[in-house]
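The file target.cif contains mmCIF, C-alpha atoms, pLDDT in the B column; chains and numbers go by the auth columns:
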```
data_my_file
#
loop_
_atom_site.group_PDB
_atom_site.id
_atom_site.type_symbol
_atom_site.label_atom_id
_atom_site.label_comp_id
_atom_site.label_asym_id
_atom_site.label_seq_id
_atom_site.Cartn_x
_atom_site.Cartn_y
_atom_site.Cartn_z
_atom_site.B_iso_or_equiv
_atom_site.auth_seq_id
_atom_site.auth_asym_id
ATOM 1 C CA MET A 1 80.140 131.559 118.395 49.00 1 G
ATOM 2 C CA PRO A 2 83.047 133.223 120.248 53.00 2 G
ATOM 3 C CA ILE A 3 84.073 131.609 123.506 50.00 3 G
ATOM 4 C CA SER A 4 82.746 133.621 126.393 49.00 4 G
ATOM 5 C CA PRO A 5 84.797 133.683 129.577 48.00 5 G
ATOM 6 C CA VAL A 6 81.697 133.050 131.649 47.00 6 G
ATOM 7 C CA GLY A 7 79.386 130.097 131.336 52.00 7 G
ATOM 8 C CA HIS A 8 81.476 128.072 128.961 64.00 8 G
ATOM 9 C CA ASP A 9 84.558 126.113 129.906 76.00 9 G
ATOM 10 C CA ALA A 10 86.611 126.173 126.682 82.00 10 G
ATOM 11 C CA VAL A 11 89.271 123.798 128.015 85.00 11 G
ATOM 12 C CA ALA A 12 86.704 121.212 129.131 85.00 12 G
ATOM 13 C CA SER A 13 85.026 121.484 125.761 88.00 13 G
ATOM 14 C CA VAL A 14 88.285 120.900 123.863 90.00 14 G
ATOM 15 C CA LEU A 15 89.103 117.956 126.153 91.00 15 G
ATOM 16 C CA ALA A 16 85.664 116.404 125.615 91.00 16 G
ATOM 17 C CA THR A 17 85.830 116.835 121.840 92.00 17 G
ATOM 18 C CA THR A 18 89.302 115.295 121.741 94.00 18 G
ATOM 19 C CA LEU A 19 88.227 112.300 123.843 93.00 19 G
ATOM 20 C CA ASP A 20 85.195 111.729 121.595 93.00 20 G
ATOM 21 C CA GLY A 21 87.365 112.010 118.472 94.00 21 G
ATOM 22 C CA LEU A 22 89.953 109.560 119.822 95.00 22 G
ATOM 23 C CA ALA A 23 87.190 107.107 120.835 93.00 23 G
ATOM 24 C CA LEU A 24 85.783 107.239 117.311 94.00 24 G
ATOM 25 C CA ARG A 25 89.254 106.729 115.870 95.00 25 G
ATOM 26 C CA ARG A 26 89.680 103.703 118.148 95.00 26 G
ATOM 27 C CA ASP A 27 86.410 102.271 116.794 94.00 27 G
ATOM 28 C CA VAL A 28 87.480 102.798 113.198 95.00 28 G
ATOM 29 C CA ILE A 29 90.892 101.206 113.813 96.00 29 G
ATOM 30 C CA ALA A 30 89.141 98.267 115.526 95.00 30 G
ATOM 31 C CA ASP A 31 86.906 97.976 112.455 95.00 31 G
ATOM 32 C CA ASN A 32 89.911 98.011 110.102 96.00 32 G
ATOM 33 C CA ILE A 33 91.638 95.332 112.199 96.00 33 G
ATOM 34 C CA ALA A 34 88.442 93.236 112.399 96.00 34 G
ATOM 35 C CA ASN A 35 88.282 93.297 108.606 95.00 35 G
ATOM 36 C CA VAL A 36 91.965 92.550 107.989 95.00 36 G
ATOM 37 C CA ASP A 37 90.941 89.336 106.201 94.00 37 G
ATOM 38 C CA THR A 38 87.693 90.525 104.590 95.00 38 G
ATOM 39 C CA PRO A 39 87.871 90.403 100.785 94.00 39 G
ATOM 40 C CA GLY A 40 87.295 93.799 99.150 94.00 40 G
ATOM 41 C CA PHE A 41 87.387 95.760 102.413 94.00 41 G
ATOM 42 C CA ARG A 42 88.952 99.245 102.266 94.00 42 G
ATOM 43 C CA ALA A 43 90.433 100.725 105.423 94.00 43 G
ATOM 44 C CA THR A 44 89.271 104.149 106.593 94.00 44 G
ATOM 45 C CA SER A 45 90.872 106.769 108.811 94.00 45 G
ATOM 46 C CA VAL A 46 89.419 109.481 111.030 94.00 46 G
ATOM 47 C CA ASP A 47 90.401 113.140 111.142 94.00 47 G
ATOM 48 C CA PHE A 48 88.926 115.349 113.834 94.00 48 G
ATOM 49 C CA GLU A 49 92.005 117.422 114.674 93.00 49 G
ATOM 50 C CA SER A 50 91.724 119.718 111.632 92.00 50 G
ATOM 51 C CA ALA A 51 88.206 120.846 112.520 92.00 51 G
ATOM 52 C CA LEU A 52 89.147 121.160 116.195 92.00 52 G
ATOM 53 C CA GLU A 53 92.181 123.286 115.349 92.00 53 G
ATOM 54 C CA ARG A 54 90.064 125.569 113.128 92.00 54 G
ATOM 55 C CA ALA A 55 87.484 125.987 115.902 90.00 55 G
ATOM 56 C CA ILE A 56 90.190 126.881 118.431 89.00 56 G
ATOM 57 C CA ASP A 57 91.845 129.349 116.006 90.00 57 G
ATOM 58 C CA ARG A 58 88.544 131.095 115.354 89.00 58 G
ATOM 59 C CA GLY A 59 87.553 131.063 119.011 86.00 59 G
ATOM 60 C CA GLU A 60 84.501 128.951 118.261 85.00 60 G
ATOM 61 C CA ARG A 61 83.004 126.386 120.540 84.00 61 G
ATOM 62 C CA PRO A 62 84.541 123.077 119.400 85.00 62 G
ATOM 63 C CA SER A 63 82.202 120.286 118.434 84.00 63 G
ATOM 64 C CA LEU A 64 83.060 116.862 117.120 87.00 64 G
ATOM 65 C CA GLU A 65 83.428 117.367 113.391 88.00 65 G
ATOM 66 C CA VAL A 66 84.807 114.243 111.871 88.00 66 G
ATOM 67 C CA SER A 67 85.919 113.449 108.382 88.00 67 G
ATOM 68 C CA THR A 68 86.408 109.828 107.476 85.00 68 G
ATOM 69 C CA GLN A 69 88.304 108.898 104.368 87.00 69 G
ATOM 70 C CA ALA A 70 89.450 105.709 102.691 87.00 70 G
ATOM 71 C CA THR A 71 93.172 105.168 103.158 86.00 71 G
ATOM 72 C CA ASP A 72 95.381 105.101 100.060 85.00 72 G
ATOM 73 C CA THR A 73 97.305 102.011 101.101 86.00 73 G
ATOM 74 C CA PRO A 74 97.902 99.720 98.090 85.00 74 G
ATOM 75 C CA VAL A 75 95.215 97.084 97.625 89.00 75 G
ATOM 76 C CA GLY A 76 96.273 93.451 97.999 85.00 76 G
ATOM 77 C CA ALA A 77 95.283 90.386 96.012 83.00 77 G
ATOM 78 C CA ASN A 78 91.857 89.999 97.655 89.00 78 G
ATOM 79 C CA GLY A 79 90.914 93.672 97.202 91.00 79 G
ATOM 80 C CA ASN A 80 91.687 94.456 100.846 92.00 80 G
ATOM 81 C CA ASN A 81 94.053 97.295 101.802 93.00 81 G
ATOM 82 C CA VAL A 82 94.256 97.008 105.593 94.00 82 G
ATOM 83 C CA ASP A 83 97.878 97.430 106.696 93.00 83 G
ATOM 84 C CA LEU A 84 97.951 95.558 110.003 92.00 84 G
ATOM 85 C CA ARG A 85 101.291 97.065 111.028 92.00 85 G
ATOM 86 C CA HIS A 86 100.006 100.597 110.410 94.00 86 G
ATOM 87 C CA GLU A 87 96.706 99.928 112.206 95.00 87 G
ATOM 88 C CA SER A 88 98.480 98.398 115.219 94.00 88 G
ATOM 89 C CA MET A 89 100.751 101.407 115.575 95.00 89 G
ATOM 90 C CA ALA A 90 97.805 103.767 115.170 95.00 90 G
ATOM 91 C CA ALA A 91 95.868 101.799 117.811 95.00 91 G
ATOM 92 C CA MET A 92 98.750 102.136 120.262 94.00 92 G
ATOM 93 C CA GLN A 93 99.192 105.841 119.557 95.00 93 G
ATOM 94 C CA THR A 94 95.456 106.512 119.917 95.00 94 G
ATOM 95 C CA GLN A 95 95.465 104.596 123.187 94.00 95 G
ATOM 96 C CA TYR A 96 98.275 106.697 124.675 94.00 96 G
ATOM 97 C CA GLN A 97 96.693 109.923 123.453 95.00 97 G
ATOM 98 C CA TYR A 98 93.401 108.851 125.013 95.00 98 G
ATOM 99 C CA GLN A 99 95.098 108.150 128.356 93.00 99 G
ATOM 100 C CA ILE A 100 96.932 111.476 128.291 94.00 100 G
ATOM 101 C CA MET A 101 93.680 113.285 127.568 94.00 101 G
ATOM 102 C CA THR A 102 91.784 111.473 130.341 93.00 102 G
ATOM 103 C CA ARG A 103 94.615 112.451 132.694 93.00 103 G
ATOM 104 C CA ALA A 104 94.277 116.056 131.535 93.00 104 G
ATOM 105 C CA ALA A 105 90.504 115.908 132.003 91.00 105 G
ATOM 106 C CA ALA A 106 90.941 114.439 135.498 91.00 106 G
ATOM 107 C CA ASP A 107 93.429 117.185 136.422 91.00 107 G
ATOM 108 C CA ARG A 108 91.087 119.833 135.054 89.00 108 G
ATOM 109 C CA HIS A 109 88.240 118.338 137.073 87.00 109 G
ATOM 110 C CA GLN A 110 90.429 118.421 140.185 89.00 110 G
ATOM 111 C CA LEU A 111 91.279 122.103 139.587 88.00 111 G
ATOM 112 C CA VAL A 112 87.627 123.050 139.276 86.00 112 G
ATOM 113 C CA LYS A 113 86.861 121.092 142.439 88.00 113 G
ATOM 114 C CA ILE A 114 89.643 122.848 144.389 92.00 114 G
ATOM 115 C CA ALA A 115 88.438 126.231 143.136 90.00 115 G
ATOM 116 C CA ALA A 116 84.859 125.413 144.138 90.00 116 G
ATOM 117 C CA GLU A 117 85.907 124.329 147.626 90.00 117 G
ATOM 118 C CA ALA A 118 88.151 127.371 148.217 84.00 118 G
ATOM 119 C CA ARG A 119 85.311 129.768 148.767 68.00 119 G
ATOM 120 C CA MET B 1 78.752 104.580 111.580 39.00 1 T
ATOM 121 C CA SER B 2 76.493 105.190 114.542 41.00 2 T
ATOM 122 C CA ALA B 3 76.457 101.980 116.560 44.00 3 T
ATOM 123 C CA PHE B 4 80.241 101.760 116.664 62.00 4 T
ATOM 124 C CA ASP B 5 81.669 100.327 119.830 89.00 5 T
ATOM 125 C CA THR B 6 85.226 99.081 120.127 91.00 6 T
ATOM 126 C CA LEU B 7 84.413 95.972 122.153 92.00 7 T
ATOM 127 C CA LYS B 8 81.540 94.974 119.884 93.00 8 T
ATOM 128 C CA ILE B 9 83.740 95.375 116.808 95.00 9 T
ATOM 129 C CA ALA B 10 86.642 93.475 118.341 95.00 10 T
ATOM 130 C CA GLY B 11 84.210 90.797 119.569 95.00 11 T
ATOM 131 C CA SER B 12 82.798 90.293 116.085 96.00 12 T
ATOM 132 C CA SER B 13 86.338 89.904 114.801 96.00 13 T
ATOM 133 C CA LEU B 14 87.206 87.344 117.490 96.00 14 T
ATOM 134 C CA GLY B 15 84.048 85.424 116.544 96.00 15 T
ATOM 135 C CA MET B 16 84.769 85.426 112.811 97.00 16 T
ATOM 136 C CA HIS B 17 88.414 84.450 113.286 97.00 17 T
ATOM 137 C CA GLN B 18 87.410 81.743 115.792 97.00 18 T
ATOM 138 C CA THR B 19 84.988 80.248 113.238 97.00 19 T
ATOM 139 C CA TRP B 20 87.716 80.384 110.628 97.00 20 T
ATOM 140 C CA LEU B 21 90.222 78.686 112.965 97.00 21 T
ATOM 141 C CA ASP B 22 87.642 75.975 113.769 97.00 22 T
ATOM 142 C CA THR B 23 86.941 75.197 110.115 97.00 23 T
ATOM 143 C CA LEU B 24 90.678 75.126 109.362 97.00 24 T
ATOM 144 C CA ALA B 25 91.213 72.686 112.225 96.00 25 T
ATOM 145 C CA SER B 26 88.456 70.466 110.857 96.00 26 T
ATOM 146 C CA ASN B 27 89.870 70.704 107.325 96.00 27 T
ATOM 147 C CA ILE B 28 93.367 69.810 108.510 96.00 28 T
ATOM 148 C CA ALA B 29 92.039 66.938 110.617 96.00 29 T
ATOM 149 C CA ASN B 30 90.390 65.540 107.485 95.00 30 T
ATOM 150 C CA LEU B 31 93.193 66.140 104.995 94.00 31 T
ATOM 151 C CA ASN B 32 93.904 62.416 104.837 92.00 32 T
ATOM 152 C CA THR B 33 90.277 61.325 104.912 94.00 33 T
ATOM 153 C CA VAL B 34 89.782 59.329 101.755 94.00 34 T
ATOM 154 C CA THR B 35 86.581 57.800 100.440 94.00 35 T
ATOM 155 C CA SER B 36 85.769 55.240 97.814 94.00 36 T
ATOM 156 C CA THR B 37 85.428 56.585 94.283 93.00 37 T
ATOM 157 C CA ASP B 38 81.619 56.143 94.244 92.00 38 T
ATOM 158 C CA GLU B 39 81.278 58.548 97.216 93.00 39 T
ATOM 159 C CA ASP B 40 81.904 62.310 97.559 94.00 40 T
ATOM 160 C CA ALA B 41 85.287 63.370 98.894 94.00 41 T
ATOM 161 C CA PHE B 42 85.527 65.202 102.243 95.00 42 T
ATOM 162 C CA GLN B 43 84.544 68.810 101.517 95.00 43 T
ATOM 163 C CA ALA B 44 86.802 71.373 103.191 95.00 44 T
ATOM 164 C CA GLN B 45 84.969 74.446 104.504 95.00 45 T
ATOM 165 C CA MET B 46 86.027 77.985 103.621 95.00 46 T
ATOM 166 C CA VAL B 47 84.695 80.838 105.728 96.00 47 T
ATOM 167 C CA ILE B 48 83.563 83.908 103.791 95.00 48 T
ATOM 168 C CA ALA B 49 84.063 87.103 105.783 96.00 49 T
ATOM 169 C CA ALA B 50 82.110 90.299 105.081 96.00 50 T
ATOM 170 C CA ALA B 51 82.232 93.724 106.712 95.00 51 T
ATOM 171 C CA ASP B 52 79.237 94.449 108.970 94.00 52 T
ATOM 172 C CA PRO B 53 77.782 97.859 108.001 92.00 53 T
ATOM 173 C CA GLN B 54 77.227 98.507 111.725 90.00 54 T
ATOM 174 C CA GLY B 55 80.963 98.029 112.295 92.00 55 T
ATOM 175 C CA GLY B 56 82.952 94.858 112.669 94.00 56 T
ATOM 176 C CA VAL B 57 82.936 91.721 110.604 96.00 57 T
ATOM 177 C CA GLU B 58 80.661 88.744 110.169 96.00 58 T
ATOM 178 C CA VAL B 59 80.666 85.285 108.657 96.00 59 T
ATOM 179 C CA ALA B 60 78.712 85.830 105.445 95.00 60 T
ATOM 180 C CA GLY B 61 78.736 82.199 104.482 95.00 61 T
ATOM 181 C CA VAL B 62 80.752 79.036 104.200 95.00 62 T
ATOM 182 C CA ALA B 63 81.924 77.693 100.872 96.00 63 T
ATOM 183 C CA VAL B 64 82.927 74.066 100.453 94.00 64 T
ATOM 184 C CA SER B 65 85.555 72.460 98.291 93.00 65 T
ATOM 185 C CA ASP B 66 84.782 70.332 95.254 92.00 66 T
ATOM 186 C CA PRO B 67 83.100 67.009 96.224 92.00 67 T
ATOM 187 C CA GLU B 68 84.892 65.490 93.234 93.00 68 T
ATOM 188 C CA GLY B 69 88.124 65.823 95.193 93.00 69 T
ATOM 189 C CA VAL B 70 91.181 64.303 93.599 93.00 70 T
ATOM 190 C CA LEU B 71 91.715 60.685 92.678 94.00 71 T
ATOM 191 C CA LYS B 72 94.677 59.063 94.350 93.00 72 T
ATOM 192 C CA HIS B 73 96.224 55.791 93.366 95.00 73 T
ATOM 193 C CA ASP B 74 96.336 53.695 96.526 93.00 74 T
ATOM 194 C CA PRO B 75 95.726 50.058 95.597 93.00 75 T
ATOM 195 C CA GLY B 76 96.492 48.849 99.116 92.00 76 T
ATOM 196 C CA ASN B 77 93.594 50.847 100.571 92.00 77 T
ATOM 197 C CA PRO B 78 90.522 48.739 101.444 93.00 78 T
ATOM 198 C CA LEU B 79 88.369 51.545 99.949 93.00 79 T
ATOM 199 C CA ALA B 80 90.179 51.478 96.593 93.00 80 T
ATOM 200 C CA ASP B 81 88.158 50.659 93.476 93.00 81 T
ATOM 201 C CA GLU B 82 89.104 47.936 91.013 93.00 82 T
ATOM 202 C CA ASP B 83 91.663 50.267 89.378 94.00 83 T
ATOM 203 C CA GLY B 84 93.229 51.009 92.765 94.00 84 T
ATOM 204 C CA TYR B 85 91.919 54.579 93.166 95.00 85 T
ATOM 205 C CA VAL B 86 90.435 56.359 96.194 95.00 86 T
ATOM 206 C CA ARG B 87 88.951 59.873 96.433 95.00 87 T
ATOM 207 C CA ALA B 88 90.906 62.416 98.504 94.00 88 T
ATOM 208 C CA PRO B 89 89.825 65.971 99.495 95.00 89 T
ATOM 209 C CA ALA B 90 90.664 68.774 97.045 91.00 90 T
ATOM 210 C CA VAL B 91 92.587 70.780 99.654 91.00 91 T
ATOM 211 C CA ASP B 92 96.231 70.949 100.479 91.00 92 T
ATOM 212 C CA MET B 93 98.104 71.240 103.734 94.00 93 T
ATOM 213 C CA ALA B 94 100.134 74.307 102.667 95.00 94 T
ATOM 214 C CA SER B 95 97.089 76.484 101.957 94.00 95 T
ATOM 215 C CA GLN B 96 95.374 75.390 105.180 96.00 96 T
ATOM 216 C CA MET B 97 98.498 76.085 107.254 96.00 97 T
ATOM 217 C CA SER B 98 99.067 79.522 105.741 96.00 98 T
ATOM 218 C CA GLN B 99 95.408 80.380 106.364 96.00 99 T
ATOM 219 C CA LEU B 100 95.837 79.122 109.936 96.00 100 T
ATOM 220 C CA ILE B 101 98.654 81.616 110.495 96.00 101 T
ATOM 221 C CA GLN B 102 96.599 84.402 108.886 95.00 102 T
ATOM 222 C CA ALA B 103 93.544 83.610 111.046 96.00 103 T
ATOM 223 C CA GLN B 104 95.677 83.475 114.180 96.00 104 T
ATOM 224 C CA ARG B 105 97.252 86.871 113.414 95.00 105 T
ATOM 225 C CA GLY B 106 93.816 88.403 112.876 95.00 106 T
ATOM 226 C CA TYR B 107 92.578 86.900 116.138 96.00 107 T
ATOM 227 C CA GLN B 108 95.623 88.179 118.074 96.00 108 T
ATOM 228 C CA ALA B 109 95.267 91.680 116.629 95.00 109 T
ATOM 229 C CA SER B 110 91.679 91.844 117.833 95.00 110 T
ATOM 230 C CA VAL B 111 92.600 90.534 121.289 96.00 111 T
ATOM 231 C CA GLN B 112 94.971 93.500 121.481 95.00 112 T
ATOM 232 C CA THR B 113 92.100 95.781 120.398 94.00 113 T
ATOM 233 C CA THR B 114 89.959 94.553 123.319 93.00 114 T
ATOM 234 C CA LYS B 115 92.863 95.271 125.705 93.00 115 T
ATOM 235 C CA TYR B 116 93.114 98.833 124.384 92.00 116 T
ATOM 236 C CA ALA B 117 89.361 99.270 124.825 90.00 117 T
ATOM 237 C CA GLN B 118 89.507 97.979 128.418 90.00 118 T
ATOM 238 C CA ASP B 119 92.384 100.324 129.258 90.00 119 T
ATOM 239 C CA ALA B 120 90.574 103.267 127.676 89.00 120 T
ATOM 240 C CA TYR B 121 87.345 102.585 129.587 89.00 121 T
ATOM 241 C CA THR B 122 89.340 102.193 132.822 88.00 122 T
ATOM 242 C CA SER B 123 91.156 105.489 132.295 88.00 123 T
ATOM 243 C CA ALA B 124 87.886 107.251 131.421 86.00 124 T
ATOM 244 C CA LEU B 125 86.516 106.081 134.780 86.00 125 T
ATOM 245 C CA GLN B 126 89.425 107.861 136.490 82.00 126 T
ATOM 246 C CA ILE B 127 88.280 111.313 135.326 81.00 127 T
ATOM 247 C CA GLY B 128 85.985 112.006 138.236 74.00 128 T
ATOM 248 C CA ALA B 129 87.515 109.534 140.670 74.00 129 T
ATOM 249 C CA ARG B 130 90.095 111.672 142.417 59.00 130 T
#
```

As structure tokens - that is how I would like this structure written.
Amino acid sequence: MPISPVGHDAVASVLATTLDGLALRRDVIADNIANVDTPGFRATSVDFESALERAIDRGERPSLEVSTQATDTPVGANGNNVDLRHESMAAMQTQYQYQIMTRAAADRHQLVKIAAEAR
Amino acid sequence: MSAFDTLKIAGSSLGMHQTWLDTLASNIANLNTVTSTDEDAFQAQMVIAAADPQGGVEVAGVAVSDPEGVLKHDPGNPLADEDGYVRAPAVDMASQMSQLIQAQRGYQASVQTTKYAQDAYTSALQIGAR
């Protein structure tokens, strides 16, 4: 569905999708970290950016389209392939991205509020 | 992957690692606990972790070390049998200590996860606050 200039706030929709995607990624990283010592556990990673980028390129309304895949990190002696260093860095990066996006959403909200009050 | 929630996942991890740390502490405390040869040796506990399909981790069970233990020659011990042997636990300090470090690292990583979750929830609350 092409984005219509009236009735649909494309920026808000992208912001919301991104926040949802980052929250899901945070959950998956938390799950990987929680299972760092679980025998046989395979780490997974979340990709939502590819689908979001495609939606933006095609002018479609973005929705949270997530693909989760097992990571290809080498498997250790107990069949577990969680790389704690990698997961910790990813957790930090996701956290900062999430904060930047909430800031952007707050600023966007403020803009809409100013515009609404200017009449 | 529906009921995922960062704090719940991190909490399950803290719980599992806490249980692991507790059993390691008990194992280490009893490393030198010897028994007479007609009794079972102290059985060290080993926590078995399993991924929770709802997200997070859980204690799937606890395995115990061999009650046979190892026979130690200690003729001066009041518990020693006529040949001078006592029964000691079949666990060693090095494996318990390395597991202790591993469990502590896992616990710390999940503490950090809860901090990230708190910060994220706090920043989400700021969206409509200004």

Dump as a Markdown table the rows for residues of range 28-115 of chain G within 7 Å of range 4-19 of chain T: closest atom pair and distance in Å with one decimal, only C-alpha atoms counted, ordered by chain and rising residue number.
```
| residue | atom | partner | partner_atom | distance |
| --- | --- | --- | --- | --- |
| G:Ala30 | CA | T:Ala10 | CA | 6.1 |
| G:Asp31 | CA | T:Ile9 | CA | 6.0 |
| G:Ala34 | CA | T:Ser13 | CA | 4.6 |
```

Residues as selected, C-alpha atoms, written as a PDB file, in the frame of the given file, can you do that?
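Below is the file selection16.pdb, written as the result:
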```pdb
ATOM      1  CA  ALA G  30      89.141  98.267 115.526  1.00 95.00           C
ATOM      2  CA  ASP G  31      86.906  97.976 112.455  1.00 95.00           C
ATOM      3  CA  ALA G  34      88.442  93.236 112.399  1.00 96.00           C
TER       4      ALA G  34
END
```

Specify as a ChimeraX atom specification all residues of chain T found within 8 Å of chain G, counting all atoms listed in the file.
/T:4-6,9-10,12-14,48-51,55-57,102-103,106,109-110,113,116,120,123-124,126-130

Could those residues be written to a file, using C-alpha atoms, as a compact mmCIF listing (two decimals), in the frame of the given file?
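That gives us again.txt:
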```txt
# COMPACT_ATOMS: atom_id res chain seq x y z
CA PHE T 4 80.24 101.76 116.66
CA ASP T 5 81.67 100.33 119.83
CA THR T 6 85.23 99.08 120.13
CA ILE T 9 83.74 95.38 116.81
CA ALA T 10 86.64 93.48 118.34
CA SER T 12 82.80 90.29 116.08
CA SER T 13 86.34 89.90 114.80
CA LEU T 14 87.21 87.34 117.49
CA ILE T 48 83.56 83.91 103.79
CA ALA T 49 84.06 87.10 105.78
CA ALA T 50 82.11 90.30 105.08
CA ALA T 51 82.23 93.72 106.71
CA GLY T 55 80.96 98.03 112.30
CA GLY T 56 82.95 94.86 112.67
CA VAL T 57 82.94 91.72 110.60
CA GLN T 102 96.60 84.40 108.89
CA ALA T 103 93.54 83.61 111.05
CA GLY T 106 93.82 88.40 112.88
CA ALA T 109 95.27 91.68 116.63
CA SER T 110 91.68 91.84 117.83
CA THR T 113 92.10 95.78 120.40
CA TYR T 116 93.11 98.83 124.38
CA ALA T 120 90.57 103.27 127.68
CA SER T 123 91.16 105.49 132.29
CA ALA T 124 87.89 107.25 131.42
CA GLN T 126 89.42 107.86 136.49
CA ILE T 127 88.28 111.31 135.33
CA GLY T 128 85.98 112.01 138.24
CA ALA T 129 87.52 109.53 140.67
CA ARG T 130 90.10 111.67 142.42
```

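Put simply, CA of Glu68 in chain T is 15.8 Å away from CA of Asn27 in chain T.
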
Mind telling me what the PyMOL selection byres ((chain T and resi 92) around 10) catches here, as an MDAnalysis selection string?
chainID T and resid 27:28 31:32 44 89:91 93:97

List, as a VMD selection string, every residue that the PyMOL selection byres ((chain G and resi 55) around 12) selects in the file provided.
chain G and resid 1 to 3 10 13 to 14 17 48 to 54 56 to 65

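Distance check against Asn77 in chain T using all atoms listed in the file: of T:Ser36, T:Thr23, T:Asn30, T:Gln99, the minimum falls on T:Ser36.
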
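The shell of residues at most 9 Å from Thr73 in chain G, with all atoms listed in the file counted and near chain neighbours (fewer than 4 positions) removed, consists of Arg42, Ala43, Asn81, Val82 and Asp83 of chain G.
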
Would you mind telling me which residue in G:Val46, G:Ala70, G:Ala90, G:Leu111 lies nearest to Asp20 in chain G when using all atoms listed in the file?
G:Val46

I'd like the interatomic distance between CA of Asp9 in chain G and CA of Ala115 in chain G, to a tenth of an Å.
13.8 Å

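Minimum distance to Ser65 in chain T across T:Ala80, T:Val34, T:Ala41, T:Val86 (counting all atoms listed in the file) occurs at T:Ala41.
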
Here CA of Phe42 in chain T and CA of Pro75 in chain T stand apart by 19.4 Å

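For the choices T:Thr114, T:Pro67, T:Gln104, T:Tyr121, the atom-to-atom distance to Thr37 in chain T is smallest for T:Pro67 when using only C-alpha atoms.
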